[in-house]
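Structure file final_34.txt (compact mmCIF, C-alpha atoms and all ligand atoms) is printed below.
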# COMPACT_ATOMS: atom_id res chain seq x y z
CA MET A 1 31.66 -2.05 -1.37
CA LYS A 2 29.86 -1.82 1.98
CA ILE A 3 26.50 -0.14 2.59
CA LEU A 4 25.02 0.69 5.99
CA VAL A 5 21.22 0.53 6.04
CA ILE A 6 19.44 2.57 8.70
CA ASN A 7 15.78 2.31 9.68
CA SER A 8 15.03 5.00 12.27
CA GLY A 9 11.96 4.98 14.47
CA SER A 10 11.08 7.69 16.96
CA SER A 11 12.83 5.80 19.78
CA SER A 12 14.63 3.07 17.87
CA LEU A 13 17.23 2.56 15.16
CA LYS A 14 17.67 -0.68 13.22
CA TYR A 15 20.85 -1.13 11.24
CA GLN A 16 22.53 -3.59 8.87
CA LEU A 17 25.94 -3.44 7.27
CA ILE A 18 25.86 -5.25 3.94
CA ASP A 19 28.83 -6.33 1.84
CA MET A 20 27.56 -5.67 -1.68
CA GLU A 21 30.19 -7.90 -3.33
CA ASN A 22 28.15 -10.94 -2.32
CA GLU A 23 25.16 -9.17 -0.68
CA SER A 24 25.95 -10.76 2.69
CA VAL A 25 25.09 -9.20 6.04
CA LEU A 26 28.29 -8.41 7.96
CA ALA A 27 26.52 -7.11 11.07
CA LYS A 28 23.08 -6.03 12.13
CA GLY A 29 21.18 -4.98 15.19
CA LEU A 30 18.91 -2.60 16.96
CA CYS A 31 19.07 0.38 19.31
CA GLU A 32 15.91 0.43 21.43
CA ARG A 33 14.43 2.94 23.84
CA ILE A 34 16.54 5.85 22.56
CA GLY A 35 15.90 8.87 24.79
CA ILE A 36 14.14 6.68 27.36
CA GLU A 37 15.50 5.00 30.50
CA HIS A 38 17.11 1.55 30.12
CA SER A 39 18.10 1.94 26.46
CA ASN A 40 19.05 -1.36 24.89
CA PHE A 41 21.71 -2.04 22.26
CA ILE A 42 21.77 -5.24 20.21
CA TYR A 43 24.64 -6.15 17.88
CA LYS A 44 24.87 -9.35 15.84
CA ALA A 45 28.04 -10.31 13.97
CA HIS A 46 30.31 -13.34 13.51
CA GLY A 47 27.34 -15.58 14.51
CA GLN A 48 27.17 -13.96 17.95
CA THR A 49 24.72 -11.60 19.59
CA ILE A 50 25.74 -8.90 22.05
CA GLU A 51 22.99 -7.21 24.07
CA GLN A 52 23.81 -4.34 26.40
CA GLU A 53 21.96 -1.75 28.42
CA VAL A 54 23.72 1.47 27.35
CA GLU A 55 22.69 5.06 27.87
CA MET A 56 21.36 6.44 24.55
CA PRO A 57 19.94 9.91 25.16
CA ASN A 58 19.50 10.59 21.44
CA HIS A 59 19.95 9.16 17.94
CA ASN A 60 23.45 10.67 17.64
CA THR A 61 24.63 8.55 20.57
CA ALA A 62 22.96 5.52 19.00
CA VAL A 63 24.73 6.04 15.65
CA ARG A 64 28.06 6.56 17.43
CA LEU A 65 27.53 3.31 19.34
CA VAL A 66 26.77 1.41 16.13
CA LEU A 67 29.89 2.80 14.42
CA ASN A 68 32.06 2.03 17.46
CA LYS A 69 30.88 -1.56 17.49
CA LEU A 70 31.26 -2.02 13.74
CA THR A 71 34.90 -0.85 14.00
CA ASP A 72 35.66 -2.50 17.37
CA LYS A 73 38.95 -4.45 17.35
CA LYS A 74 37.40 -7.54 18.97
CA VAL A 75 33.83 -7.80 17.67
CA GLY A 76 33.88 -5.35 14.74
CA VAL A 77 33.57 -6.24 11.07
CA ILE A 78 35.44 -3.30 9.50
CA SER A 79 38.68 -1.59 10.47
CA SER A 80 37.49 1.98 10.05
CA MET A 81 34.39 4.03 9.25
CA ASP A 82 35.94 4.88 5.87
CA GLU A 83 35.06 1.35 4.76
CA ILE A 84 31.38 2.36 4.74
CA ASP A 85 30.83 3.50 1.16
CA GLY A 86 27.25 4.68 1.52
CA VAL A 87 24.29 4.86 3.89
CA GLY A 88 20.71 4.03 2.86
CA HIS A 89 17.92 5.44 5.01
CA ARG A 90 14.45 3.90 5.00
CA VAL A 91 11.71 6.54 4.84
CA VAL A 92 8.02 5.69 5.20
CA ALA A 93 6.33 8.49 3.27
CA SER A 94 7.44 10.45 0.21
CA GLY A 95 4.29 12.36 -0.66
CA GLU A 96 4.59 13.46 -4.29
CA ALA A 97 7.82 15.26 -3.43
CA PHE A 98 10.04 12.21 -4.08
CA LYS A 99 9.27 9.75 -6.84
CA LYS A 100 12.48 7.73 -6.55
CA PRO A 101 15.30 7.11 -4.08
CA THR A 102 17.07 10.42 -3.60
CA LEU A 103 20.53 11.50 -2.52
CA VAL A 104 20.67 13.34 0.83
CA THR A 105 21.43 16.99 0.07
CA PRO A 106 20.42 20.22 1.84
CA ARG A 107 17.59 20.57 -0.74
CA SER A 108 16.27 17.01 -0.29
CA MET A 109 16.35 17.47 3.50
CA GLU A 110 14.37 20.71 3.12
CA LEU A 111 11.76 18.75 1.15
CA MET A 112 11.75 16.07 3.86
CA GLU A 113 10.88 18.78 6.39
CA GLU A 114 8.05 20.00 4.14
CA ILE A 115 6.38 16.55 3.94
CA LYS A 116 6.81 15.64 7.63
CA ASP A 117 3.06 15.90 8.22
CA LEU A 118 2.33 13.00 5.86
CA ALA A 119 3.72 10.47 8.33
CA PRO A 120 4.00 12.31 11.66
CA LEU A 121 4.95 9.13 13.54
CA HIS A 122 7.67 8.02 11.12
CA ASN A 123 9.16 10.71 8.88
CA PRO A 124 10.49 12.99 11.67
CA ALA A 125 12.39 9.96 13.02
CA ALA A 126 13.98 9.40 9.60
CA ILE A 127 15.13 13.04 9.54
CA ILE A 128 16.68 12.62 12.99
CA GLY A 129 18.40 9.42 11.81
CA VAL A 130 19.84 11.09 8.71
CA ASN A 131 21.14 14.05 10.72
CA ALA A 132 22.67 11.73 13.33
CA CYS A 133 24.52 9.82 10.59
CA LEU A 134 25.60 13.05 8.87
CA ALA A 135 27.08 14.26 12.15
CA GLU A 136 29.28 11.14 12.34
CA MET A 137 29.92 10.57 8.61
CA PRO A 138 29.68 13.98 6.90
CA ASN A 139 31.49 12.85 3.74
CA THR A 140 29.72 9.54 3.15
CA PRO A 141 27.01 9.58 0.44
CA MET A 142 23.55 8.94 1.85
CA VAL A 143 20.33 8.03 0.08
CA LEU A 144 16.68 8.31 1.15
CA VAL A 145 14.78 5.18 0.11
CA PHE A 146 11.01 5.53 0.38
CA ASP A 147 8.45 2.78 1.12
CA THR A 148 6.11 4.47 -1.33
CA CYS A 149 8.24 4.88 -4.48
CA PHE A 150 7.49 1.48 -6.01
CA HIS A 151 3.81 2.44 -6.05
CA PHE A 152 4.28 5.59 -8.15
CA THR A 153 3.44 3.70 -11.34
CA MET A 154 -0.21 3.34 -10.23
CA PRO A 155 -2.57 4.96 -12.73
CA ASP A 156 -4.43 8.04 -11.49
CA TYR A 157 -7.80 6.23 -11.35
CA ALA A 158 -6.22 3.76 -8.88
CA TYR A 159 -4.47 6.26 -6.62
CA MET A 160 -7.10 9.00 -6.53
CA TYR A 161 -9.72 9.22 -3.79
CA ALA A 162 -13.15 10.44 -4.85
CA ILE A 163 -12.83 13.76 -3.02
CA ASP A 164 -12.98 17.35 -4.25
CA TYR A 165 -10.17 17.42 -6.84
CA SER A 166 -8.90 20.75 -5.54
CA HIS A 167 -8.10 19.05 -2.22
CA TYR A 168 -5.97 16.50 -4.02
CA GLU A 169 -4.19 19.34 -5.83
CA LYS A 170 -3.74 21.45 -2.72
CA TYR A 171 -2.86 18.80 -0.13
CA LYS A 172 -1.82 15.80 -2.28
CA ILE A 173 -4.36 13.55 -0.55
CA ARG A 174 -4.27 10.24 -2.46
CA ARG A 175 -3.24 6.61 -2.16
CA TYR A 176 0.51 6.22 -1.68
CA GLY A 177 0.75 2.63 -0.40
CA ALA A 178 3.59 1.21 1.69
CA HIS A 179 6.02 -1.76 1.91
CA GLY A 180 7.09 -0.80 -1.63
CA THR A 181 10.65 -2.09 -1.24
CA SER A 182 9.31 -5.46 -0.07
CA HIS A 183 6.72 -5.81 -2.86
CA LYS A 184 9.35 -4.91 -5.46
CA PHE A 185 11.93 -7.30 -4.03
CA VAL A 186 9.67 -10.36 -3.73
CA ALA A 187 8.16 -9.82 -7.20
CA GLN A 188 11.67 -9.67 -8.71
CA GLU A 189 12.76 -12.72 -6.72
CA ALA A 190 9.67 -14.66 -7.86
CA ALA A 191 10.33 -13.87 -11.54
CA LYS A 192 13.99 -14.84 -11.15
CA TYR A 193 13.04 -18.09 -9.40
CA LEU A 194 10.56 -18.98 -12.16
CA GLY A 195 13.12 -18.14 -14.86
CA LYS A 196 10.71 -15.60 -16.41
CA ASP A 197 11.07 -11.99 -17.46
CA ILE A 198 9.09 -9.94 -14.93
CA LYS A 199 7.77 -7.88 -17.89
CA ASP A 200 5.72 -10.94 -18.94
CA LEU A 201 4.15 -11.60 -15.51
CA LYS A 202 1.02 -10.56 -13.62
CA ILE A 203 1.89 -10.91 -9.94
CA ILE A 204 -0.08 -10.34 -6.73
CA THR A 205 2.24 -9.88 -3.75
CA CYS A 206 0.83 -10.35 -0.24
CA HIS A 207 3.11 -8.73 2.36
CA LEU A 208 1.45 -10.08 5.52
CA GLY A 209 3.18 -9.01 8.71
CA ASN A 210 2.36 -6.81 11.65
CA GLY A 211 1.35 -4.36 8.93
CA SER A 212 -0.11 -6.03 5.86
CA SER A 213 -0.51 -4.86 2.29
CA ILE A 214 -1.35 -6.48 -1.01
CA THR A 215 -0.13 -5.22 -4.39
CA ALA A 216 -1.01 -5.86 -8.03
CA ILE A 217 2.08 -5.87 -10.26
CA LYS A 218 1.91 -5.93 -14.06
CA GLY A 219 5.12 -6.23 -16.06
CA GLY A 220 7.15 -5.38 -12.94
CA GLN A 221 5.18 -2.20 -12.18
CA CYS A 222 2.70 -1.59 -9.39
CA ILE A 223 -0.80 -0.90 -10.71
CA ASP A 224 -2.66 -0.92 -7.36
CA THR A 225 -2.02 -1.50 -3.67
CA SER A 226 -4.19 -1.94 -0.60
CA MET A 227 -2.68 0.63 1.74
CA GLY A 228 -3.73 4.22 1.22
CA PHE A 229 -2.73 7.74 2.19
CA THR A 230 -1.19 6.06 5.24
CA PRO A 231 -0.61 2.41 6.23
CA LEU A 232 -3.99 2.35 8.03
CA ALA A 233 -5.99 1.22 4.98
CA GLY A 234 -6.50 -2.23 3.45
CA VAL A 235 -6.87 -5.58 5.22
CA PRO A 236 -7.28 -5.69 9.03
CA MET A 237 -3.79 -5.89 10.58
CA GLY A 238 -2.17 -6.68 13.94
CA THR A 239 -3.55 -3.57 15.61
CA ARG A 240 -4.81 -1.47 12.64
CA SER A 241 -8.43 -1.58 11.55
CA GLY A 242 -7.79 -1.59 7.79
CA ASP A 243 -10.67 -0.31 5.63
CA ILE A 244 -13.57 1.13 7.63
CA ASP A 245 -16.54 3.39 6.90
CA TYR A 246 -15.51 6.83 8.24
CA SER A 247 -19.05 7.45 9.50
CA ALA A 248 -18.59 4.51 11.88
CA ALA A 249 -15.45 6.19 13.24
CA GLU A 250 -17.30 9.49 13.73
CA PHE A 251 -20.22 7.67 15.41
CA LEU A 252 -17.84 5.87 17.80
CA ALA A 253 -15.85 9.05 18.51
CA LYS A 254 -19.03 10.83 19.60
CA LYS A 255 -20.17 7.89 21.75
CA GLU A 256 -16.78 7.48 23.45
CA GLY A 257 -15.83 11.17 23.57
CA MET A 258 -12.72 10.84 21.41
CA ASP A 259 -11.20 13.64 19.34
CA VAL A 260 -9.69 13.00 15.89
CA ALA A 261 -6.18 12.27 17.21
CA GLN A 262 -7.55 9.82 19.79
CA MET A 263 -9.69 8.14 17.14
CA LEU A 264 -6.69 7.70 14.83
CA LYS A 265 -4.62 6.29 17.68
CA TYR A 266 -7.47 3.87 18.43
CA LEU A 267 -7.74 2.79 14.76
CA ASN A 268 -3.96 2.33 14.51
CA LYS A 269 -3.18 0.72 17.86
CA LYS A 270 -6.26 -0.88 19.38
CA CYS A 271 -8.09 -2.45 16.43
CA GLY A 272 -7.24 -5.13 13.86
CA VAL A 273 -7.00 -8.74 14.99
CA LEU A 274 -6.02 -7.57 18.49
CA GLY A 275 -9.23 -5.55 18.85
CA VAL A 276 -11.49 -8.26 17.44
CA SER A 277 -9.94 -11.19 19.32
CA GLY A 278 -9.06 -9.42 22.56
CA VAL A 279 -6.17 -11.92 22.61
CA SER A 280 -3.13 -10.63 20.72
CA SER A 281 -1.86 -8.99 17.56
CA ASP A 282 0.50 -11.92 17.04
CA PHE A 283 -0.84 -14.63 14.73
CA ARG A 284 0.90 -17.40 16.69
CA ASP A 285 -1.13 -16.47 19.78
CA LEU A 286 -4.29 -16.12 17.70
CA THR A 287 -3.92 -19.58 16.17
CA ASP A 288 -3.23 -21.14 19.58
CA ALA A 289 -6.30 -19.41 21.03
CA ALA A 290 -8.51 -20.43 18.08
CA ASP A 291 -7.27 -24.04 18.40
CA ALA A 292 -8.22 -23.92 22.09
CA GLY A 293 -11.77 -22.91 21.13
CA ASN A 294 -11.62 -19.10 21.40
CA SER A 295 -14.29 -18.04 18.89
CA ARG A 296 -13.20 -14.40 18.70
CA ALA A 297 -9.65 -15.43 17.83
CA GLU A 298 -11.14 -17.59 15.09
CA LEU A 299 -13.30 -14.68 13.91
CA ALA A 300 -10.21 -12.42 13.73
CA LEU A 301 -8.35 -15.01 11.64
CA ASN A 302 -11.38 -15.46 9.37
CA MET A 303 -11.67 -11.70 8.87
CA PHE A 304 -7.99 -11.41 8.02
CA THR A 305 -7.94 -14.26 5.51
CA TYR A 306 -11.32 -13.33 3.97
CA ASN A 307 -10.14 -9.77 3.35
CA THR A 308 -6.84 -11.01 1.93
CA LYS A 309 -8.81 -13.21 -0.46
CA LYS A 310 -11.02 -10.28 -1.47
CA TYR A 311 -7.98 -8.21 -2.41
CA ILE A 312 -6.50 -11.12 -4.37
CA GLY A 313 -9.80 -11.39 -6.30
CA ALA A 314 -9.97 -7.65 -6.87
CA TYR A 315 -6.39 -7.49 -8.11
CA ALA A 316 -6.87 -10.52 -10.38
CA ALA A 317 -9.64 -8.42 -11.96
CA ALA A 318 -7.45 -5.31 -12.12
CA LEU A 319 -4.64 -7.31 -13.74
CA ASN A 320 -6.98 -9.24 -16.07
CA GLY A 321 -5.64 -12.51 -14.65
CA VAL A 322 -2.82 -13.59 -12.41
CA ASP A 323 0.26 -15.74 -13.06
CA VAL A 324 1.86 -15.71 -9.62
CA ILE A 325 0.68 -15.08 -6.06
CA VAL A 326 3.50 -14.36 -3.60
CA PHE A 327 3.31 -14.56 0.20
CA THR A 328 5.94 -12.77 2.25
CA ALA A 329 6.75 -11.15 5.66
CA GLY A 330 6.24 -12.59 9.16
CA ILE A 331 2.78 -14.09 8.58
CA GLY A 332 3.05 -14.70 4.83
CA GLU A 333 6.32 -16.61 5.21
CA ASN A 334 5.44 -18.59 8.33
CA ASP A 335 1.70 -19.11 8.69
CA ASN A 336 0.48 -22.03 6.58
CA LEU A 337 -3.06 -21.73 7.96
CA VAL A 338 -3.37 -18.10 6.81
CA ARG A 339 -2.06 -19.02 3.35
CA ARG A 340 -4.50 -21.92 3.07
CA LYS A 341 -7.54 -19.94 4.23
CA SER A 342 -6.66 -16.93 2.04
CA LEU A 343 -6.53 -19.11 -1.09
CA LYS A 344 -9.55 -21.30 -0.26
CA ASP A 345 -12.12 -21.57 -3.07
CA LEU A 346 -10.12 -19.62 -5.60
CA ASP A 347 -10.17 -22.52 -8.08
CA TYR A 348 -12.27 -20.44 -10.50
CA LEU A 349 -9.16 -18.27 -10.82
CA GLY A 350 -6.99 -21.33 -11.41
CA VAL A 351 -5.45 -21.18 -7.92
CA LYS A 352 -4.96 -24.54 -6.19
CA LEU A 353 -2.73 -25.11 -3.20
CA ASP A 354 -0.80 -28.29 -2.45
CA ASP A 355 -1.61 -28.65 1.26
CA SER A 356 1.37 -30.82 2.09
CA LYS A 357 3.81 -28.43 0.33
CA ASN A 358 2.13 -25.53 2.11
CA ASP A 359 2.38 -27.24 5.49
CA SER A 360 6.02 -28.30 5.14
CA CYS A 361 7.32 -25.15 3.50
CA PRO A 362 10.93 -24.60 4.73
CA ARG A 363 11.87 -21.25 6.27
CA GLY A 364 14.16 -18.70 4.70
CA VAL A 365 14.10 -19.97 1.11
CA ILE A 366 11.75 -19.56 -1.87
CA SER A 367 9.16 -22.33 -2.02
CA GLU A 368 6.51 -23.27 -4.57
CA ILE A 369 3.33 -24.44 -2.86
CA GLN A 370 0.72 -24.72 -5.63
CA ALA A 371 -0.80 -28.05 -6.68
CA ALA A 372 0.49 -29.73 -9.85
CA ASP A 373 -2.69 -28.75 -11.77
CA SER A 374 -2.82 -25.14 -10.50
CA LYS A 375 -2.73 -22.60 -13.35
CA VAL A 376 -1.36 -19.97 -10.98
CA LYS A 377 2.00 -20.34 -9.27
CA VAL A 378 1.92 -19.74 -5.52
CA LEU A 379 5.27 -18.85 -3.98
CA VAL A 380 6.51 -18.12 -0.49
CA VAL A 381 9.37 -15.64 -0.86
CA PRO A 382 11.39 -14.34 2.11
CA THR A 383 11.50 -10.56 1.96
CA ASN A 384 14.65 -8.51 2.45
CA GLU A 385 13.86 -4.80 2.60
CA GLU A 386 17.36 -3.90 3.81
CA LEU A 387 18.97 -5.48 0.76
CA VAL A 388 16.69 -3.48 -1.57
CA ILE A 389 17.59 -0.29 0.30
CA ALA A 390 21.29 -1.13 -0.04
CA ARG A 391 20.91 -1.84 -3.77
CA GLU A 392 18.99 1.41 -4.33
CA THR A 393 21.65 3.28 -2.35
CA MET A 394 24.40 1.91 -4.60
CA LEU A 395 22.47 2.94 -7.71
CA GLU A 396 21.45 6.42 -6.58
CA ALA A 397 24.86 7.28 -5.08
CA LYS A 398 26.49 5.86 -8.25
CA LEU A 399 28.70 3.55 -6.20
CA GLY A 400 30.37 0.48 -7.60
P1 LIG A 501 6.70 -8.67 10.41
O1 LIG A 501 5.94 -7.40 10.62
O2 LIG A 501 6.89 -9.03 8.97
O3 LIG A 501 7.96 -8.77 11.22
O4 LIG A 501 5.74 -9.83 10.98
C1 LIG A 501 5.48 -9.95 12.35
C2 LIG A 501 4.29 -10.85 12.57
O5 LIG A 501 4.49 -12.12 11.91
C3 LIG A 501 4.09 -11.24 14.03
O6 LIG A 501 3.34 -10.29 14.71
C4 LIG A 501 3.34 -12.54 13.91
O7 LIG A 501 1.94 -12.24 13.84
C5 LIG A 501 3.74 -13.12 12.60
N1 LIG A 501 4.61 -14.32 12.73
C6 LIG A 501 5.93 -14.36 12.94
N2 LIG A 501 6.34 -15.67 13.02
C7 LIG A 501 5.26 -16.43 12.85
C8 LIG A 501 5.00 -17.84 12.83
N3 LIG A 501 5.99 -18.73 12.98
N4 LIG A 501 3.74 -18.25 12.64
C9 LIG A 501 2.73 -17.36 12.46
N5 LIG A 501 2.89 -16.03 12.48
C10 LIG A 501 4.13 -15.57 12.66
Any chance you could put this one into structure tokens?
Amino acid sequence: MKILVINSGSSSLKYQLIDMENESVLAKGLCERIGIEHSNFIYKAHGQTIEQEVEMPNHNTAVRLVLNKLTDKKVGVISSMDEIDGVGHRVVASGEAFKKPTLVTPRSMELMEEIKDLAPLHNPAAIIGVNACLAEMPNTPMVLVFDTCFHFTMPDYAYMYAIDYSHYEKYKIRRYGAHGTSHKFVAQEAAKYLGKDIKDLKIITCHLGNGSSITAIKGGQCIDTSMGFTPLAGVPMGTRSGDIDYSAAEFLAKKEGMDVAQMLKYLNKKCGVLGVSGVSSDFRDLTDAADAGNSRAELALNMFTYNTKKYIGAYAAALNGVDVIVFTAGIGENDNLVRRKSLKDLDYLGVKLDDSKNDSCPRGVISEIQAADSKVKVLVVPTNEELVIARETMLEAKLG
């Protein structure tokens, strides 16, 4: 059983072909700069990487290229397209229209069109990606897997904003969260690693990457998450502001002559640790700069870790305790300094880190990094969103 996972951006398309017998990646890669000059195609299989500048005027060409490579006699991993049993598409926003992964049908694609506005940068790209795949593989079952679905178990008092209720009813303005597939995956992996039933655990998952979100999980179900209506809310991120008083945004917009769209672009692309430090959105650069004495880089790191800690404290309260804290994604898996600072002075919660375990944590495997007398387990768990999408695709398309 082989599942192709597609993650479409407006000018990019990431893909992975996964053999579900042993959940191994047969091939993966990226189509970049689709519809722009100097499109780039990356294909990794058999331990080798092929990178080519190929003309890709649209997503259809990109999908065709991917399929040609996957079935290529020399570098391919399957003999024909018919070996692909299903395609899972990552979708950022579901609104309230989709509460679980959903089979691609004319009706579900109509609904996708209706909720396009909820994520104008991302959802239209997913629609293009689905249509491009349908054009090449019209008879292969396809499933839409949403970043938001895992968060649908939040109680209403956690997902509602305190706005006029009629506006929630009319426009569905509420907290949806993001990174749901990652939070779900690492929580399940943590429970498995600890040999516990996830139903008996209170887990706080910290997905810290270019976008960062923190989630409270009780008995395997999300009860709260830091991102909001869009992925702009929560902790400060690479280039996103995270939580901010909207009056400050209005004040700045007036001062700088920005309209709403420009202000949102500013909050999404020019803020976060990049905006504060003036150095970079990448935590490796920030740490180097802070080590070299750059005080604004240090401030950005302090803001990030302080806000992460605040969410951990808030979610420990929401969960009435915490058994496991999980770190994942680019920063969570790799940055020992961020993990240490985020968990500093949480001993009242029973959280104690073992600094040497934290500092020598190996990459790519699950590691336990709490001190021997810590009441709370602290785990670093590599995320694998593509695998979750492939698993959900199998389930929803009733494959296997
Ligand atoms: P992601 O969005 O999960 O791919 O995470 C990307 C981010 O992870 C990058 O922007 C970096 O800030 C961070 N990152 C990746 N590798 C490292 C590392 N070795 N040390 C610290 N931060 C890292």
Please list, as JSON, numbers by chain, the residues that have an atom at most 8 Å away from (4.9, -15.5, -3.1) in the coordinates of this file, counting only C-alpha atoms. {"A": [186, 187, 190, 205, 206, 324, 325, 326, 327, 328, 378, 379, 380, 381]}
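Atom CA of Ile203 of chain A is positioned 13.0 Å from atom CA of Lys375 of chain A.
Between atom CA of Ile115 of chain A and atom C1 of ligand LIG 501 (chain A) the separation is 27.8 Å.
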Could you please extract the residues within 7 Å of ligand LIG 501 (chain A), counting only C-alpha atoms and all ligand atoms, and hand them back as a compact mmCIF listing (two decimals) with C-alpha atoms, in the frame of the given file?
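So the final result, stored in selection-v8.txt, reads:
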# COMPACT_ATOMS: atom_id res chain seq x y z
CA LEU A 208 1.45 -10.08 5.52
CA GLY A 209 3.18 -9.01 8.71
CA ASN A 210 2.36 -6.81 11.65
CA GLY A 211 1.35 -4.36 8.93
CA GLY A 238 -2.17 -6.68 13.94
CA SER A 281 -1.86 -8.99 17.56
CA ASP A 282 0.50 -11.92 17.04
CA PHE A 283 -0.84 -14.63 14.73
CA ARG A 284 0.90 -17.40 16.69
CA ALA A 329 6.75 -11.15 5.66
CA GLY A 330 6.24 -12.59 9.16
CA ILE A 331 2.78 -14.09 8.58
CA ASN A 334 5.44 -18.59 8.33
CA ASP A 335 1.70 -19.11 8.69
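Once segment 156-164 of chain A and its same-chain neighbours fewer than 4 positions away are set aside, His151, Phe152, Tyr168, Glu169, Lys172, Ile173, Arg174, Arg175, Tyr176, Gly177, Ile223, Asp224, Thr225, Gly228, Phe229 and Ala318 of chain A remain within 10 Å of it when counting only C-alpha atoms.
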For the point (24.0, 3.6, 3.6) in file coordinates, what residues are within 7 Å, counting all atoms listed in the file? Give the answer as an mmCIF file with C-alpha atoms, in the coordinates of the input?
data_model
loop_
_atom_site.group_PDB
_atom_site.id
_atom_site.type_symbol
_atom_site.label_atom_id
_atom_site.label_comp_id
_atom_site.auth_asym_id
_atom_site.auth_seq_id
_atom_site.Cartn_x
_atom_site.Cartn_y
_atom_site.Cartn_z
ATOM 1 C CA ILE A 3 26.500 -0.140 2.590
ATOM 2 C CA LEU A 4 25.020 0.690 5.990
ATOM 3 C CA VAL A 5 21.220 0.530 6.040
ATOM 4 C CA ILE A 6 19.440 2.570 8.700
ATOM 5 C CA GLY A 86 27.250 4.680 1.520
ATOM 6 C CA VAL A 87 24.290 4.860 3.890
ATOM 7 C CA GLY A 88 20.710 4.030 2.860
ATOM 8 C CA HIS A 89 17.920 5.440 5.010
ATOM 9 C CA MET A 142 23.550 8.940 1.850
ATOM 10 C CA VAL A 143 20.330 8.030 0.080
ATOM 11 C CA ALA A 390 21.290 -1.130 -0.040
ATOM 12 C CA THR A 393 21.650 3.280 -2.350
#
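You will find atom CA of Phe146 of chain A at 22.2 Å from atom CA of Ser24 of chain A.
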Restricting the calculation to all atoms listed in the file, which member of A:Met1, A:Ala191, A:Ile42, A:Leu337 is positioned closest to Ala290 of chain A? A:Leu337
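Compared by their closest atoms to His59 of chain A, and using only C-alpha atoms, the residues A:Glu136, A:Asn268, A:Pro120, A:Ala261 rank with A:Glu136 nearest.
The residue that comes closest to Pro57 of chain A, out of A:Pro231, A:Gly35, A:Pro155, A:Gly29 and on the basis of only C-alpha atoms, is A:Gly35.
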Could you tell me which of A:Val365, A:Thr140, A:Leu395, A:Gln221 comes closest to Glu189 of chain A if we count only C-alpha atoms? A:Val365
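Within the 8 Å cut-off around Thr71 of chain A, using all atoms listed in the file and omitting residues fewer than 6 positions from it on the same chain, the listed residues are Val77, Ile78, Ser79, Ser80 and Met81 of chain A.
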Residue selection dump (C-alpha atoms) as a PDB file, in the frame of the given file:
ATOM      1  CA  VAL A  77      33.570  -6.240  11.070  1.00  0.00           C
ATOM      2  CA  ILE A  78      35.440  -3.300   9.500  1.00  0.00           C
ATOM      3  CA  SER A  79      38.680  -1.590  10.470  1.00  0.00           C
ATOM      4  CA  SER A  80      37.490   1.980  10.050  1.00  0.00           C
ATOM      5  CA  MET A  81      34.390   4.030   9.250  1.00  0.00           C
TER       6      MET A  81
END
